[in-house]
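The structure appears below as structure tokens.
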Amino acid sequence: MQDSATVTMRVALYVRVSSEEQREGQTIDSQVSELDRFARDKGWAIIGVYKDDGWSGALLARPGLDRLRDDASKGRFDAALVNDVDRLARDVSQLGIVKREFEKLGINLIFKKLPNESSPTHNLMVNILGSFAEFERELILDRTRRGRRHKVEVRQEYLGSNAPYGYHYSPRDRIAGKGGSLDLVPEEAAVVREMFHWVDSEGLSARQVTLRLNRMKIRPRRGGKTWGKSSVLRMLRSETYAGVWHYNKYEACEPRKPLQGKRYRHSAKGSLRRRPKSEWIPVVLPEALRIVDRDRWQRVQDQLERNIAFSSRNSRHRYLLSGLVQCGGCGARYCGDPNHGRFYYRCYARCKTYPSIRDDVLNEIVWGAVAEAVNNPTLIADQVARREKRKAELHQTHRGQAAELEIALAAIDQEESQILKAYRLHILSPEQLTRELDQLKARRSVVDARLVAIKGESTAPSEATSETIFESCERLARELESFTFEERQRFLQLLVDQVVVEGDKIIIKGVLPVSWTMKPNREPATNKNSPMVPAAAPIFSDDRIATTESYTPSHNSVSEVGFEFTKILPEEVPLKDRLTPEFLRRLLQHNPSATLAEFRDELKLKYSIVASITALYRAFKRAGLGYRTRNELNTDLRKAA
């Protein structure tokens with residue numbers, strides 16, 4: 001393949017480095033100097049230098065390499081001189097592509113560190129070195145991955161990356177011997193606290209928070225003029241602000257739809273894909289780095305879910321239980337499903353475990369169950385008494401487990417003291433000390449995590465009594481009958497947590513507020529737009545719209561008790577059995593001059609019977625009442641249309 005003739009040969013130099021450290025260390029210039037000196041010693045004429053700064057050898061699409069291949073096809077040089085095989089490519093298949101392409105063009109491919117000859121042995125050496133280069137690249141990637149995982153999983157340290165808004169990451173200082181550290185940015189942390197406060201206290205959506213930030217002229221970190229909703233929502237969802245950062249949350253992947261027009265990319269895997277949550281590795285940050293307390297963060301997540309569930313976008317028919325109904329088969333929410341003038345709730349995931357259900361039927365059952373519970377508080381009080389008994393037993397068990405974990409932590413502290421004492425007495429070497437302390441740290445993190453979990457699961461028995469439950473229900477019962485549709489909907493959103501549909505069985509889970517107090521440092525409500533109501537005011541009063549808007553389980557200092565009821569769907573009576581001759585005769589006697597369209601509306605509003613005009617005509621005819629002629633029926637149909 002290579003010619004050893006002494007005639008002057010035109011040579012192109014190709015050099016490549018992949019890392020930032022190599023570029024800073026002038027490694028690429030040293031490659032150019034070596035190749036330049038080698039070519040001049042051979043008496044070759046250098047016609048150009050082709051550089052790829054910061055490009056991985058695993059990529060074939062590199063700007064410098066593409067220019068080299070293009071100029072080779074134009075015959076601008078006789079040979080390409082490269083320092084070593086791994087500088088040209090770290091992938092055997094890509095190395096073969098370039099090598100065969102140059103051979104077809106009659107271009108010599110010369111590696112400075114290999115003998116300048118053309119033989120099967122030389123080709124074998126190139127392929128072997130290419131395989132070693134690929135193996136070395138995979139080995140470096142694996143070592144890097146394991147090292148990063150060890151730092152996060154065992155040492156529980158924040159891994160240097162783009163710090164989220166509110167934080168600043170200081171890189172490792174090797175000269176000073178300081179590791180990388182994550183620090184708070186006070187001005188940005190204050191903005192984050194306000195954002196969480198707005199959602200928690202006022203129930204704002206991510207879009208409303210975005211508008212408020214822009215209206216207050218608070219600038220994003222990177223110099224942008226306005227905030228974007230996606231950025232705000234990502235911040236409100238981030239658990240880092242509550243003190244837990246997750247590693248291994250995303251994995252690199254190739255984009256499904258690569259950007260058009262962008263020829264070169266530093267990585268083939270230019271997109272990110274979210275991993276399953278079971279693969280995330282949590283790192284508990286120090287208390288000083290927690291911007292939002294855990295309870296508030298969780299309340300904000302719940303509020304964001306409610307904002308999505310109760311959104312009125314794209315809803316033409318008003319569904320009373322919008323956002324509350326859940327499929328008992330797959331757990332997905334039920335959504336509205338209009339069908340030829342009738343309206344149903346159906347599973348959003350279409351799992352078909354349970355059939356859809358008429359909205360008027362489910363509305364009546366749920367509203368009746370809630371009204372029954374409010375008017376008969378004994379039903380709730382009995383449930384609360386049983387639940388509080390179980391909660392007290394579980395609380396006692398958790399206290400015992402927490403005490404055992406505290407003893408385990410004390411034993412770890414004592415063991416750590418003994419290890420440090422052994423090191424001071426020169427019984428342990430520095431390497432042994434590091435290994436022992438890493439093992440202790442891993443054990444301590446496991447015990448700490450379990451202790452935090454137990455404290456999070458353990459809740460003290462509620463202070464609610466039967467008297468407070470009866471008082472709360474009495475306040476609520478006064479207003480039920482006078483509610484408008486909007487007030488009924490808001491009332492159910494406040495008291496009902498979810499309605500689970502399991503075929504003909506309906507499970508209603510709710511939360512009853514048993515006290516009503518304002519948060520401190522708030523002014524009493526003076527109008528319907530005010531976000532709070534005076535302490536001790538009934539939940540629904542003359543300005544009940546304002547008061548219903550003010551209460552959610554996460555917004556106010558209010559004690560709550562949960563309740564649950566199971567209802568069985570009544571057997572659906574066929575329409576012809578409901579429109580009996582006696583029933584139709586009473587309708588005619590009540591309003592003998594009504595049209596079929598007016599009867600249709602009356603049946604729907606007063607009796608929850610949905611029937612078309614044609615069905616009513618047939619029912620009257622079947623009953624032998626001779627109510628309308630066919631021509632009059634057609635006239636009614638045209639009017640209804």
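By order in the structure tokens, chains are A, B, ...; within a chain, residues start at 1; ligands start at 1, following the order shown.
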Q. Residues of region 161-200 of chain A in strand (DSSP E) according to DSSP, as a VMD selection string?
A. chain A and resid 167 to 170 181 to 184
(Q) According to DSSP computed on the backbone, where in region 310-402 of chain A is there helix (DSSP H, G or I)? Give the residues as JSON, numbers by chain. (A) {"A": [359, 360, 361, 362, 363, 364, 365, 366, 367, 368, 369, 370, 371, 372, 373, 374, 375, 378, 379, 380, 381, 382, 383, 384, 385, 386, 387, 388, 389, 390, 391, 392, 393, 394, 395, 396, 397, 398, 399, 400, 401, 402]}
Q. Which is closer to Arg318 (chain A) than all the others in A:Arg37, A:Lys249, A:Arg207, A:Arg488, using only C-alpha atoms?
A.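 Of A:Arg37, A:Lys249, A:Arg207, A:Arg488, the one nearest Arg318 (chain A) is A:Arg488, counting only C-alpha atoms.
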Just want the 9 Å neighbourhood of Leu492 (chain A), counted on only C-alpha atoms, with same-chain residues fewer than 2 positions away dropped. Output as a tab-separated table (two decimals) with N, CA, C and O atoms, in the first residue's frame.
chain	number	residue	atom	x	y	z
A	320	LEU	N	-69.52	17.24	36.61
A	320	LEU	CA	-69.50	17.58	38.03
A	320	LEU	C	-68.27	17.00	38.74
A	320	LEU	O	-67.68	17.64	39.61
A	321	LEU	N	-67.87	15.79	38.36
A	321	LEU	CA	-66.78	15.10	39.06
A	321	LEU	C	-65.47	15.16	38.27
A	321	LEU	O	-64.62	14.28	38.39
A	324	LEU	N	-61.87	13.82	39.46
A	324	LEU	CA	-61.99	13.06	40.71
A	324	LEU	C	-62.16	11.56	40.48
A	324	LEU	O	-61.88	10.77	41.38
A	366	VAL	N	-72.56	9.99	43.92
A	366	VAL	CA	-71.51	10.62	44.72
A	366	VAL	C	-72.07	11.77	45.53
A	366	VAL	O	-71.78	11.91	46.73
A	367	TRP	N	-72.87	12.63	44.90
A	367	TRP	CA	-73.42	13.75	45.64
A	367	TRP	C	-74.34	13.26	46.77
A	367	TRP	O	-74.31	13.79	47.89
A	370	VAL	N	-72.06	11.99	49.68
A	370	VAL	CA	-71.44	13.09	50.43
A	370	VAL	C	-72.49	13.81	51.26
A	370	VAL	O	-72.25	14.14	52.44
A	487	GLU	N	-70.77	25.68	42.56
A	487	GLU	CA	-70.49	25.52	43.98
A	487	GLU	C	-70.49	24.03	44.37
A	487	GLU	O	-69.68	23.61	45.21
A	488	ARG	N	-71.38	23.26	43.77
A	488	ARG	CA	-71.35	21.82	44.02
A	488	ARG	C	-70.03	21.21	43.56
A	488	ARG	O	-69.42	20.41	44.26
A	489	GLN	N	-69.59	21.61	42.37
A	489	GLN	CA	-68.34	21.08	41.83
A	489	GLN	C	-67.17	21.44	42.73
A	489	GLN	O	-66.32	20.60	43.06
A	490	ARG	N	-67.11	22.71	43.15
A	490	ARG	CA	-66.01	23.14	44.02
A	490	ARG	C	-66.06	22.44	45.37
A	490	ARG	O	-65.05	22.03	45.93
A	494	LEU	N	-63.21	19.89	47.08
A	494	LEU	CA	-62.59	20.13	48.38
A	494	LEU	C	-62.72	18.93	49.31
A	494	LEU	O	-61.78	18.61	50.05
A	495	LEU	N	-63.87	18.26	49.27
A	495	LEU	CA	-64.12	17.19	50.23
A	495	LEU	C	-63.80	15.79	49.71
A	495	LEU	O	-63.48	14.91	50.49
A	496	VAL	N	-63.88	15.60	48.39
A	496	VAL	CA	-63.67	14.26	47.83
A	496	VAL	C	-62.26	14.16	47.28
A	496	VAL	O	-61.83	14.98	46.47
A	497	ASP	N	-61.54	13.14	47.74
A	497	ASP	CA	-60.18	12.92	47.26
A	497	ASP	C	-60.20	12.15	45.95
A	497	ASP	O	-59.51	12.50	45.00
A	510	GLY	N	-62.94	10.55	50.86
A	510	GLY	CA	-62.99	11.99	51.09
A	510	GLY	C	-62.21	12.43	52.30
A	510	GLY	O	-61.70	11.63	53.08
Quick one: residues within 9 Å of region 354-363 of chain A, only C-alpha atoms counted, chain neighbours fewer than 5 positions away excluded, as a CSV table (one decimal) with N, CA and C atoms, in the first residue's frame?
chain,number,residue,atom,x,y,z
A,319,TYR,N,-68.7,18.6,33.6
A,319,TYR,CA,-68.7,17.3,34.3
A,319,TYR,C,-68.6,17.6,35.8
A,320,LEU,N,-69.5,17.2,36.6
A,320,LEU,CA,-69.5,17.6,38.0
A,320,LEU,C,-68.3,17.0,38.7
A,321,LEU,N,-67.9,15.8,38.4
A,321,LEU,CA,-66.8,15.1,39.1
A,321,LEU,C,-65.5,15.2,38.3
A,327,CYS,N,-60.2,4.9,37.6
A,327,CYS,CA,-60.5,3.6,37.2
A,327,CYS,C,-60.0,2.6,38.3
A,328,GLY,N,-60.8,1.7,38.7
A,328,GLY,CA,-60.4,0.7,39.7
A,328,GLY,C,-59.6,-0.4,39.1
A,329,GLY,N,-59.5,-0.5,37.8
A,329,GLY,CA,-58.8,-1.6,37.1
A,329,GLY,C,-57.3,-1.2,36.9
A,334,TYR,N,-60.6,8.9,35.0
A,334,TYR,CA,-61.8,8.8,34.1
A,334,TYR,C,-61.9,10.2,33.4
A,336,GLY,N,-64.3,12.7,30.5
A,336,GLY,CA,-65.6,12.9,29.9
A,336,GLY,C,-65.6,12.3,28.5
A,337,ASP,N,-66.8,11.7,28.2
A,337,ASP,CA,-66.9,11.0,26.9
A,337,ASP,C,-68.3,11.2,26.4
A,342,ARG,N,-75.6,12.0,25.0
A,342,ARG,CA,-75.4,11.6,26.4
A,342,ARG,C,-74.0,11.7,26.8
A,343,PHE,N,-73.7,11.8,28.1
A,343,PHE,CA,-72.4,12.0,28.6
A,343,PHE,C,-72.0,11.0,29.6
A,344,TYR,N,-70.8,10.5,29.4
A,344,TYR,CA,-70.3,9.4,30.2
A,344,TYR,C,-68.9,9.7,30.8
A,345,TYR,N,-68.5,9.0,31.8
A,345,TYR,CA,-67.1,9.0,32.3
A,345,TYR,C,-66.5,7.6,31.8
A,346,ARG,N,-65.4,7.7,31.2
A,346,ARG,CA,-64.7,6.4,30.8
A,346,ARG,C,-63.2,6.5,31.2
A,347,CYS,N,-62.6,5.3,31.2
A,347,CYS,CA,-61.2,5.3,31.6
A,347,CYS,C,-60.3,5.9,30.5
A,368,GLY,N,-75.1,12.2,46.5
A,368,GLY,CA,-76.0,11.7,47.5
A,368,GLY,C,-75.2,11.1,48.7
A,501,VAL,N,-64.1,3.7,40.5
A,501,VAL,CA,-65.1,3.0,39.8
A,501,VAL,C,-64.7,1.5,39.6
A,502,GLU,N,-65.4,0.6,40.2
A,502,GLU,CA,-65.1,-0.8,40.1
A,502,GLU,C,-66.3,-1.5,39.6
A,503,GLY,N,-66.7,-1.3,38.4
A,503,GLY,CA,-67.9,-1.9,37.8
A,503,GLY,C,-69.2,-1.3,38.5
A,504,ASP,N,-70.0,-2.1,39.1
A,504,ASP,CA,-71.2,-1.6,39.8
A,504,ASP,C,-70.9,-1.1,41.2
A,506,ILE,N,-68.9,1.6,43.6
A,506,ILE,CA,-68.3,2.9,43.6
A,506,ILE,C,-67.7,3.2,45.0
A,569,LEU,N,-74.1,0.6,42.3
A,569,LEU,CA,-74.9,1.2,41.3
A,569,LEU,C,-76.3,0.5,41.2
A,570,PRO,N,-77.3,1.3,41.1
A,570,PRO,CA,-78.7,0.7,40.9
A,570,PRO,C,-78.8,0.1,39.6
A,608,SER,N,-84.0,13.1,35.5
A,608,SER,CA,-82.7,12.6,35.0
A,608,SER,C,-82.9,11.4,34.0
Q.
From the options A:Ser131, A:Thr580, A:Gln414, A:Gln31, which residue's atoms come nearest to Val82 (chain A), counting only C-alpha atoms?
A.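 Of A:Ser131, A:Thr580, A:Gln414, A:Gln31, the one nearest Val82 (chain A), counting only C-alpha atoms, is A:Gln31.
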**Q.** Contacts of region 94-105 of chain A within 12 Å, only C-alpha atoms, excl. fewer than 2 positions in-chain, as a PyMOL selection string
**A.** chain A and resi 1-2+57-62+65-66+68-80+84-92+107-111+118+123-124+126-131+133-134
Q. Can you tell me, as number ranges by chain, what residues are no more than 12 Å from region 405-413 of chain A when counting only C-alpha atoms, ignoring any on the same chain fewer than 3 positions away?
A. A: 398-402, 416-420, 436-437, 439-455
Dump N, CA and C atoms for the selected residues as a short mmCIF file (atom, residue, chain, number, x, y, z; two decimals), in the first residue's frame?
data_model
loop_
_atom_site.label_atom_id
_atom_site.label_comp_id
_atom_site.auth_asym_id
_atom_site.auth_seq_id
_atom_site.Cartn_x
_atom_site.Cartn_y
_atom_site.Cartn_z
N HIS A 398 -43.71 2.14 65.11
CA HIS A 398 -42.67 2.96 64.49
C HIS A 398 -41.74 3.57 65.54
N ARG A 399 -42.30 3.93 66.68
CA ARG A 399 -41.45 4.48 67.74
C ARG A 399 -40.43 3.45 68.20
N GLY A 400 -40.86 2.19 68.30
CA GLY A 400 -39.92 1.14 68.70
C GLY A 400 -38.83 0.93 67.66
N GLN A 401 -39.23 0.93 66.36
CA GLN A 401 -38.24 0.76 65.30
C GLN A 401 -37.26 1.93 65.26
N ALA A 402 -37.77 3.15 65.49
CA ALA A 402 -36.90 4.32 65.49
C ALA A 402 -35.88 4.25 66.62
N GLU A 416 -16.75 4.25 64.73
CA GLU A 416 -15.94 5.25 64.03
C GLU A 416 -14.87 5.82 64.95
N SER A 417 -15.23 6.06 66.20
CA SER A 417 -14.23 6.56 67.16
C SER A 417 -13.10 5.56 67.36
N GLN A 418 -13.45 4.27 67.43
CA GLN A 418 -12.42 3.24 67.59
C GLN A 418 -11.50 3.17 66.38
N ILE A 419 -12.05 3.33 65.17
CA ILE A 419 -11.23 3.29 63.96
C ILE A 419 -10.26 4.47 63.94
N LEU A 420 -10.76 5.67 64.29
CA LEU A 420 -9.88 6.84 64.32
C LEU A 420 -8.79 6.69 65.38
N GLU A 436 -12.27 1.77 55.68
CA GLU A 436 -13.17 1.55 56.83
C GLU A 436 -14.19 2.67 56.96
N LEU A 437 -13.74 3.92 56.76
CA LEU A 437 -14.67 5.05 56.88
C LEU A 437 -15.71 5.03 55.77
N GLN A 439 -16.93 2.33 54.38
CA GLN A 439 -17.90 1.30 54.75
C GLN A 439 -18.86 1.80 55.83
N LEU A 440 -18.30 2.53 56.81
CA LEU A 440 -19.16 3.08 57.86
C LEU A 440 -20.14 4.10 57.29
N LYS A 441 -19.66 4.92 56.34
CA LYS A 441 -20.54 5.92 55.76
C LYS A 441 -21.68 5.27 55.01
N ALA A 442 -21.39 4.19 54.30
CA ALA A 442 -22.44 3.48 53.58
C ALA A 442 -23.47 2.89 54.55
N ARG A 443 -22.99 2.29 55.64
CA ARG A 443 -23.92 1.74 56.64
C ARG A 443 -24.75 2.85 57.27
N ARG A 444 -24.11 3.98 57.57
CA ARG A 444 -24.83 5.08 58.20
C ARG A 444 -25.92 5.63 57.26
N SER A 445 -25.60 5.73 55.95
CA SER A 445 -26.59 6.26 55.01
C SER A 445 -27.82 5.35 54.93
N VAL A 446 -27.61 4.03 55.01
CA VAL A 446 -28.73 3.08 54.99
C VAL A 446 -29.61 3.27 56.22
N VAL A 447 -28.96 3.37 57.40
CA VAL A 447 -29.72 3.54 58.65
C VAL A 447 -30.45 4.88 58.65
N ASP A 448 -29.75 5.95 58.19
CA ASP A 448 -30.38 7.27 58.15
C ASP A 448 -31.59 7.27 57.23
N ALA A 449 -31.44 6.63 56.06
CA ALA A 449 -32.56 6.59 55.11
C ALA A 449 -33.76 5.87 55.70
N ARG A 450 -33.50 4.75 56.40
CA ARG A 450 -34.60 4.01 57.01
C ARG A 450 -35.25 4.82 58.12
N LEU A 451 -34.44 5.56 58.89
CA LEU A 451 -34.98 6.38 59.98
C LEU A 451 -35.85 7.50 59.43
N VAL A 452 -35.39 8.14 58.33
CA VAL A 452 -36.19 9.19 57.71
C VAL A 452 -37.50 8.62 57.18
N ALA A 453 -37.43 7.41 56.59
CA ALA A 453 -38.64 6.79 56.05
C ALA A 453 -39.64 6.50 57.15
N ILE A 454 -39.16 5.99 58.27
CA ILE A 454 -40.06 5.66 59.39
C ILE A 454 -40.71 6.92 59.94
N LYS A 455 -39.89 7.97 60.09
CA LYS A 455 -40.46 9.22 60.62
C LYS A 455 -41.46 9.81 59.65
#
Q. Could you work out how far CA of Glu474 (chain A) lies from CA of Asn375 (chain A), giving the answer in Å with one decimal?
A.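 Answer for the CA of Asn375 (chain A) to CA of Glu474 (chain A) separation: 7.3 Å.
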Q: Show which residues sit within 10 Å of region 161-168 of chain A, as a list in words. Count only C-alpha atoms, and ignore same-chain residues fewer than 4 positions away.
A: Ser181, Leu182, Asp183, Leu184, Val185, Pro186, Glu187, Glu188, Ala189, Ala190, Val191, Val192, Arg193, Pro220, Arg221, Arg222, Ser231, Met235, Ser238, Thr240, Tyr241, Leu289 and Ile291 of chain A
